[in-house]
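A.B. asks: A single structure is presented below for examination.
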Amino acid sequence: MKEDAGLTPAKVWPTTSQMLHPLIIKGNTMNKVLAALIAGLFATSVYAQAPAPVATPAVTKADVKADKTVVKAEAKEMKADAKADEKADKAVAKAHTKKAKAKAKADKKHADAAADVAKADPADKMKAEAKADEKVAKADAKADKTVIKADAKADKAVVDAKADKAVAHTKTVEKKAEAAADALLA
């Protein structure tokens, strides 16, 4: 290995006194003045473009209070909506259960009537079929009435839920308007 190879840092890298900046040339004073003027121009233009601070504590407090009021009103509306939806869903599920039970009862009566006809003597077959038809018709009528009543209750619950939602929304809009007016007056 060659040691040091005859290179010293001074020979490889120029010193700061040997370096020349393109705008600042040694001995040329006019370039130095020109560079200082340009730097000053940039500094003042940046300072002139800075946005003015905008904050008035009274308006900020009023806005915060208005925002709190709006958030509370919206939370109440969402809670009322959820409660109304739950009520409607419960009524629809109950109606579905009642309809299923009514259909099951009607089907049982149909099966009972068919069994009665099958058990009947051949001489009483016509009479048994007439009774079975009557039993089936009564069972169907009762099931239909139950289904209609259950659907009516469910529909009423859904309509009531929509009304509750509308009232909650109206209250929220009212609170928002009050909050906006309070913020403007403050």
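For the structure tokens, the naming scheme is as follows: chains receive sequential letters (A, B, ...) according to their order of presentation, residues are indexed from 1 within each chain, and ligands are indexed from 1 in presentation order.
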Would you pick out the contacts of region 159-164 of chain A at 12 Å or less, using only C-alpha atoms, so that residues sharing its chain but fewer than 6 positions from it are not included, and give the list as a list in words?
C.D. replies: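 Contacts, with the query itself left out: Lys76, Glu77, Met78, Lys79, Ala80, Asp81, Ala82, Lys83, Ala84, Asp85, Glu86, Lys87, Ala88, Asp89, Lys90, Ala91, Val92, Ala152, Lys153, Thr170 and Lys171 of chain A.
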A.B. asks: Those residues you just picked out, can you put them in a file as an mmCIF file, in the first residue's frame with C-alpha atoms?
C.D. replies:
```cif
data_model
loop_
_atom_site.group_PDB
_atom_site.id
_atom_site.type_symbol
_atom_site.label_atom_id
_atom_site.label_comp_id
_atom_site.auth_asym_id
_atom_site.auth_seq_id
_atom_site.Cartn_x
_atom_site.Cartn_y
_atom_site.Cartn_z
ATOM 1 C CA LYS A 76 -80.828 14.230 21.037
ATOM 2 C CA GLU A 77 -82.174 13.851 17.510
ATOM 3 C CA MET A 78 -80.088 10.738 16.879
ATOM 4 C CA LYS A 79 -81.227 9.264 20.203
ATOM 5 C CA ALA A 80 -84.898 9.969 19.371
ATOM 6 C CA ASP A 81 -84.432 8.448 15.901
ATOM 7 C CA ALA A 82 -82.890 5.309 17.355
ATOM 8 C CA LYS A 83 -85.677 4.984 19.921
ATOM 9 C CA ALA A 84 -88.371 5.451 17.243
ATOM 10 C CA ASP A 85 -86.693 2.916 14.947
ATOM 11 C CA GLU A 86 -86.443 0.427 17.793
ATOM 12 C CA LYS A 87 -90.125 0.852 18.609
ATOM 13 C CA ALA A 88 -91.121 0.379 14.965
ATOM 14 C CA ASP A 89 -88.869 -2.661 14.542
ATOM 15 C CA LYS A 90 -90.305 -4.228 17.689
ATOM 16 C CA ALA A 91 -93.880 -3.685 16.432
ATOM 17 C CA VAL A 92 -93.051 -5.166 13.017
ATOM 18 C CA ALA A 152 -102.359 -2.310 10.979
ATOM 19 C CA LYS A 153 -100.582 -2.151 14.351
ATOM 20 C CA THR A 170 -87.670 20.021 13.783
ATOM 21 C CA LYS A 171 -86.370 20.541 17.312
#
```
A.B. asks: Of the residues A:Gly40, A:Ala35, A:His96, A:Asp67, which is the one nearest to Lys149 (chain A), using only C-alpha atoms?
C.D. replies: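 For Lys149 (chain A), the nearest of the given residues is A:His96.
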A.B. asks: Would you pick out the contacts of Ala132 (chain A) at 12 Å or less, using only C-alpha atoms, so that residues sharing its chain but fewer than 2 positions from it are not included, and give the list as a PyMOL selection string?
C.D. replies: chain A and resi 109-120+125-130+134-139
A.B. asks: Atoms to include: N, CA and C atoms. Write the selected residues as an mmCIF file, in the first residue's frame.
C.D. replies:
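Below you can see out19.cif, which holds the result:
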```
data_model
loop_
_atom_site.group_PDB
_atom_site.id
_atom_site.type_symbol
_atom_site.label_atom_id
_atom_site.label_comp_id
_atom_site.auth_asym_id
_atom_site.auth_seq_id
_atom_site.Cartn_x
_atom_site.Cartn_y
_atom_site.Cartn_z
ATOM 1 N N LYS A 109 -106.066 -26.302 11.855
ATOM 2 C CA LYS A 109 -107.513 -26.536 11.682
ATOM 3 C C LYS A 109 -107.788 -27.196 10.331
ATOM 4 N N HIS A 110 -107.027 -26.829 9.313
ATOM 5 C CA HIS A 110 -107.163 -27.480 8.000
ATOM 6 C C HIS A 110 -106.851 -28.971 8.133
ATOM 7 N N ALA A 111 -105.780 -29.282 8.840
ATOM 8 C CA ALA A 111 -105.380 -30.689 9.024
ATOM 9 C C ALA A 111 -106.436 -31.448 9.840
ATOM 10 N N ASP A 112 -106.964 -30.778 10.894
ATOM 11 C CA ASP A 112 -108.008 -31.413 11.713
ATOM 12 C C ASP A 112 -109.257 -31.690 10.872
ATOM 13 N N ALA A 113 -109.645 -30.741 10.041
ATOM 14 C CA ALA A 113 -110.831 -30.907 9.200
ATOM 15 C C ALA A 113 -110.625 -32.057 8.211
ATOM 16 N N ALA A 114 -109.433 -32.137 7.634
ATOM 17 C CA ALA A 114 -109.136 -33.225 6.690
ATOM 18 C C ALA A 114 -109.151 -34.572 7.416
ATOM 19 N N ALA A 115 -108.659 -34.588 8.644
ATOM 20 C CA ALA A 115 -108.672 -35.831 9.430
ATOM 21 C C ALA A 115 -110.102 -36.236 9.773
ATOM 22 N N ASP A 116 -110.963 -35.232 10.103
ATOM 23 C CA ASP A 116 -112.367 -35.536 10.407
ATOM 24 C C ASP A 116 -113.073 -36.134 9.188
ATOM 25 N N VAL A 117 -112.784 -35.599 8.012
ATOM 26 C CA VAL A 117 -113.389 -36.116 6.784
ATOM 27 C C VAL A 117 -112.893 -37.539 6.533
ATOM 28 N N ALA A 118 -111.635 -37.789 6.787
ATOM 29 C CA ALA A 118 -111.076 -39.124 6.559
ATOM 30 C C ALA A 118 -111.666 -40.158 7.534
ATOM 31 N N LYS A 119 -111.970 -39.727 8.756
ATOM 32 C CA LYS A 119 -112.529 -40.641 9.769
ATOM 33 C C LYS A 119 -114.022 -40.912 9.564
ATOM 34 N N ALA A 120 -114.677 -40.029 8.860
ATOM 35 C CA ALA A 120 -116.140 -40.126 8.732
ATOM 36 C C ALA A 120 -116.552 -41.393 7.997
ATOM 37 N N LYS A 125 -120.079 -38.934 4.789
ATOM 38 C CA LYS A 125 -118.944 -38.259 4.146
ATOM 39 C C LYS A 125 -119.319 -36.855 3.677
ATOM 40 N N MET A 126 -120.488 -36.674 3.054
ATOM 41 C CA MET A 126 -120.920 -35.364 2.534
ATOM 42 C C MET A 126 -121.082 -34.371 3.682
ATOM 43 N N LYS A 127 -121.702 -34.829 4.753
ATOM 44 C CA LYS A 127 -121.926 -33.967 5.909
ATOM 45 C C LYS A 127 -120.587 -33.580 6.547
ATOM 46 N N ALA A 128 -119.661 -34.520 6.641
ATOM 47 C CA ALA A 128 -118.333 -34.274 7.224
ATOM 48 C C ALA A 128 -117.545 -33.287 6.368
ATOM 49 N N GLU A 129 -117.667 -33.420 5.036
ATOM 50 C CA GLU A 129 -116.968 -32.485 4.145
ATOM 51 C C GLU A 129 -117.527 -31.078 4.281
ATOM 52 N N ALA A 130 -118.846 -30.956 4.433
ATOM 53 C CA ALA A 130 -119.470 -29.636 4.610
ATOM 54 C C ALA A 130 -118.993 -28.997 5.913
ATOM 55 N N GLU A 134 -116.643 -25.640 6.395
ATOM 56 C CA GLU A 134 -117.047 -24.553 7.285
ATOM 57 C C GLU A 134 -115.910 -24.244 8.284
ATOM 58 N N LYS A 135 -115.312 -25.320 8.833
ATOM 59 C CA LYS A 135 -114.215 -25.165 9.790
ATOM 60 C C LYS A 135 -113.019 -24.461 9.135
ATOM 61 N N VAL A 136 -112.722 -24.860 7.915
ATOM 62 C CA VAL A 136 -111.601 -24.268 7.166
ATOM 63 C C VAL A 136 -111.877 -22.798 6.877
ATOM 64 N N ALA A 137 -113.091 -22.481 6.459
ATOM 65 C CA ALA A 137 -113.452 -21.099 6.144
ATOM 66 C C ALA A 137 -113.344 -20.213 7.392
ATOM 67 N N LYS A 138 -113.845 -20.725 8.550
ATOM 68 C CA LYS A 138 -113.752 -19.959 9.804
ATOM 69 C C LYS A 138 -112.289 -19.742 10.205
ATOM 70 N N ALA A 139 -111.486 -20.792 10.063
ATOM 71 C CA ALA A 139 -110.066 -20.695 10.425
ATOM 72 C C ALA A 139 -109.353 -19.677 9.528
#
```
A.B. asks: So which residues touch Leu185 (chain A) within 12 Å, counting only C-alpha atoms, skipping near sequence neighbours fewer than 3 positions away, as a list in words?
C.D. replies: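 Result of the neighbour search: Ala58, Val59, Lys61, Ala62, Asp63, Ala66, Glu178, Ala179, Ala180, Ala181 and Asp182 of chain A.
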A.B. asks: Pick from A:Ala43, A:Ala93, A:Leu37, A:Ala104: nearest to Asp140 (chain A), with only C-alpha atoms counted?
C.D. replies: A:Ala104
A.B. asks: CA of Asp151 (chain A) and CA of Lys105 (chain A), how far apart in Å?
C.D. replies: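 About the pair CA of Lys105 (chain A) and CA of Asp151 (chain A): they are 17.7 Å apart.
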